[in-house]
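Have a look at the structure below, then the notes.
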Amino acid sequence: MKKIIVTGAFGQIGSELIPVLNDRYGKKNVVAVGHHNIPKSYDGILEKAEITDLKKIERIIKKHNAGIIYHLVSILSAKGEKDPQLTWQVNMNGLKNILDLAVSYNLKVFWPSSIAAFGPTTPRENTPQITVLEPTTMYGITKMAGEGLCHYYFLKYSLDVRSLRYPGIISWKTEPGGGTTDYAVAIFYEAIIKGKYRCFVKKETILPMMYMDDAVQATIKLMEAPAQKITIRTSYNLAAISFRADELAQEIQKHLPLKVEYVPDHRQKIADSWPKSIDDSFARRDWGWRHRYDLAKMVSAMLKNLRKKLNK
Ligand code: AKB
């Protein structure tokens, strides 16, 4: 079997996708490529490389006879606003390098887009698959342009590149770093550790979200779908749950005492530029996407897993 390469292996998504890939295809077939947060002991194939180091990435592809690449490296929305130049370089040049290598070495590619590709001119309720993309963050611009690049490589080079517009992903193993939807993860840590949370968006803020297990399941399902089923080569809308920030707090309060103060900061503007809910009917129709976690199930799973992790 040709090997599967995962870049950004130890980020929020990579650290949960890799164990599932290992179980499904065997540890000897999955190569984790990381630069940050590399665990002291990693039980699998590990390569250390920065995504902008094209030569090194090429050597890794050749060395392992790769057939598939999950290119997960990305600087997220809020962090991206602190250094837009670096965000462009990592997100766009990184993707372009991977797509070029994929053409040369005949790799199938997964690349994550995001609801950040949308902007204030996009319809915010039940956002359609094909709609206006006028993002206002550098992260969103790299997602919009990246989608265009993936589509172009499919048309021009017949590259089998597939993508999802992830909503905010809620997970307990690894914390997200520098996103706008991070409040929906941070609230769980603070609820368990301190019983109070200072939320950086208004309580009325509604954003599309998804539990990590659903995100991983969607990613693998998309990549395993027959090529003729894939009708979207920019990026598929993907949805599970949408809730107000205070609805999340209320659901957590059913399990433990929690006081929440809402003190919006610069991230509010980013949240207000994104959709509230997403129409993902293309994904459901084309490759059978179904989410499994609603708000109540997601909150129970998060609290159970985090309590174990934090010994609380
Ligand atoms: C972020 O908040 O930047 C990310 C995303 C929605 O892509 N979680």
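Ordering of the structure tokens sets the chain letters (A, B, ...); residue numbers start at 1 within each chain; ligands are numbered from 1 in the order shown.
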Exercise. If we count only C-alpha atoms, what is near stretch 96-107 of chain A at a cut-off of 12 Å, once residues fewer than 5 positions away on the same chain are taken out, given as a ChimeraX atom specification?
Worked result: /A:2-7,50-73,88-91,142,145-154,156-162
Problem set entry | Surrounding residues as a list in words, ligand 1, max 8 Å, only C-alpha atoms and all ligand atoms | Leu76, Ser77, Ala78, Ser113, Ser114, Ile115, Ala116, Tyr139, Arg165, Tyr166, Pro167, Gly168, Ile169, Pro176, Gly178, Gly179, Thr180, Thr181 and Asp182 of chain A
Exercise. With only C-alpha atoms as the basis for distance, which of A:Gln253, A:Ser242, A:Ser273, A:Gln217 is at the shortest distance from A:Leu21?
Worked result: A:Gln217
Problem set entry | Residue list (strand (DSSP E), DSSP) for stretch 79-303 of chain A, as a PyMOL selection string | chain A and resi 108-114+161-166+168-170+196-199+206-211+236-237+241-244+259-262
Problem set entry | Nearest-residue call for A:Ala227, choices A:Ile13, A:Asp286, A:Leu310, A:Lys269, using only C-alpha atoms |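 For A:Ala227, the nearest of the given residues is A:Asp286.
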Within 8 Å of A:Phe188, counting only C-alpha atoms, which residues show up once you throw out same-chain ones fewer than 3 positions away? Write them as a short mmCIF file (atom, residue, chain, number, x, y, z; two decimals) with N, CA and C atoms, in the first residue's frame, please.
data_model
loop_
_atom_site.label_atom_id
_atom_site.label_comp_id
_atom_site.auth_asym_id
_atom_site.auth_seq_id
_atom_site.Cartn_x
_atom_site.Cartn_y
_atom_site.Cartn_z
N ALA A 184 -15.68 28.02 22.18
CA ALA A 184 -16.54 26.86 22.36
C ALA A 184 -15.76 25.65 22.87
N VAL A 185 -14.42 25.76 22.91
CA VAL A 185 -13.59 24.72 23.52
C VAL A 185 -13.12 25.21 24.89
N ALA A 191 -14.83 25.69 32.74
CA ALA A 191 -15.97 25.18 33.53
C ALA A 191 -15.47 24.12 34.51
N ILE A 192 -14.64 23.22 34.02
CA ILE A 192 -14.17 22.13 34.88
C ILE A 192 -13.14 22.63 35.90
N ILE A 252 -23.92 23.15 29.35
CA ILE A 252 -22.85 22.74 30.29
C ILE A 252 -23.38 22.83 31.73
N MET A 302 -17.70 15.82 25.66
CA MET A 302 -16.60 16.73 25.99
C MET A 302 -16.30 16.68 27.49
N LEU A 303 -17.35 16.78 28.31
CA LEU A 303 -17.14 16.82 29.76
C LEU A 303 -16.56 15.50 30.25
N LEU A 306 -12.84 15.31 28.96
CA LEU A 306 -11.95 16.33 29.57
C LEU A 306 -11.73 16.08 31.05
#
For this session: Report the residues of stretch 163-260 of chain A whose backbone DSSP state falls under helix (DSSP H, G or I), written as an NGL selection string.
Result: :A and (183-193 or 212-224 or 227-229 or 245-253)
Problem set entry | Residue contacts of A:Val263 (8 Å, only C-alpha atoms) excluding same-chain residues fewer than 2 positions away, as number ranges by chain | A: 198-202, 261, 265
Exercise. Got a sec: who's within 6 Å of A:Ala9, counting only C-alpha atoms, leaving out chain neighbours fewer than 4 positions off, as a VMD selection string?
Worked result: chain A and resid 14 to 15 32 to 34
Exercise. How far is it from atom CA of A:Pro135 to atom CA of A:Thr122, in Å with one decimal?
Worked result: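 Pair atom CA of A:Pro135 / atom CA of A:Thr122 returns 8.9 Å.
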For this session: Report the distance between atom CA of A:Glu204 and atom CA of A:Leu258 in Å, rounded to one decimal place.
Result: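 So the two atoms, atom CA of A:Glu204 and atom CA of A:Leu258, lie 17.7 Å apart.
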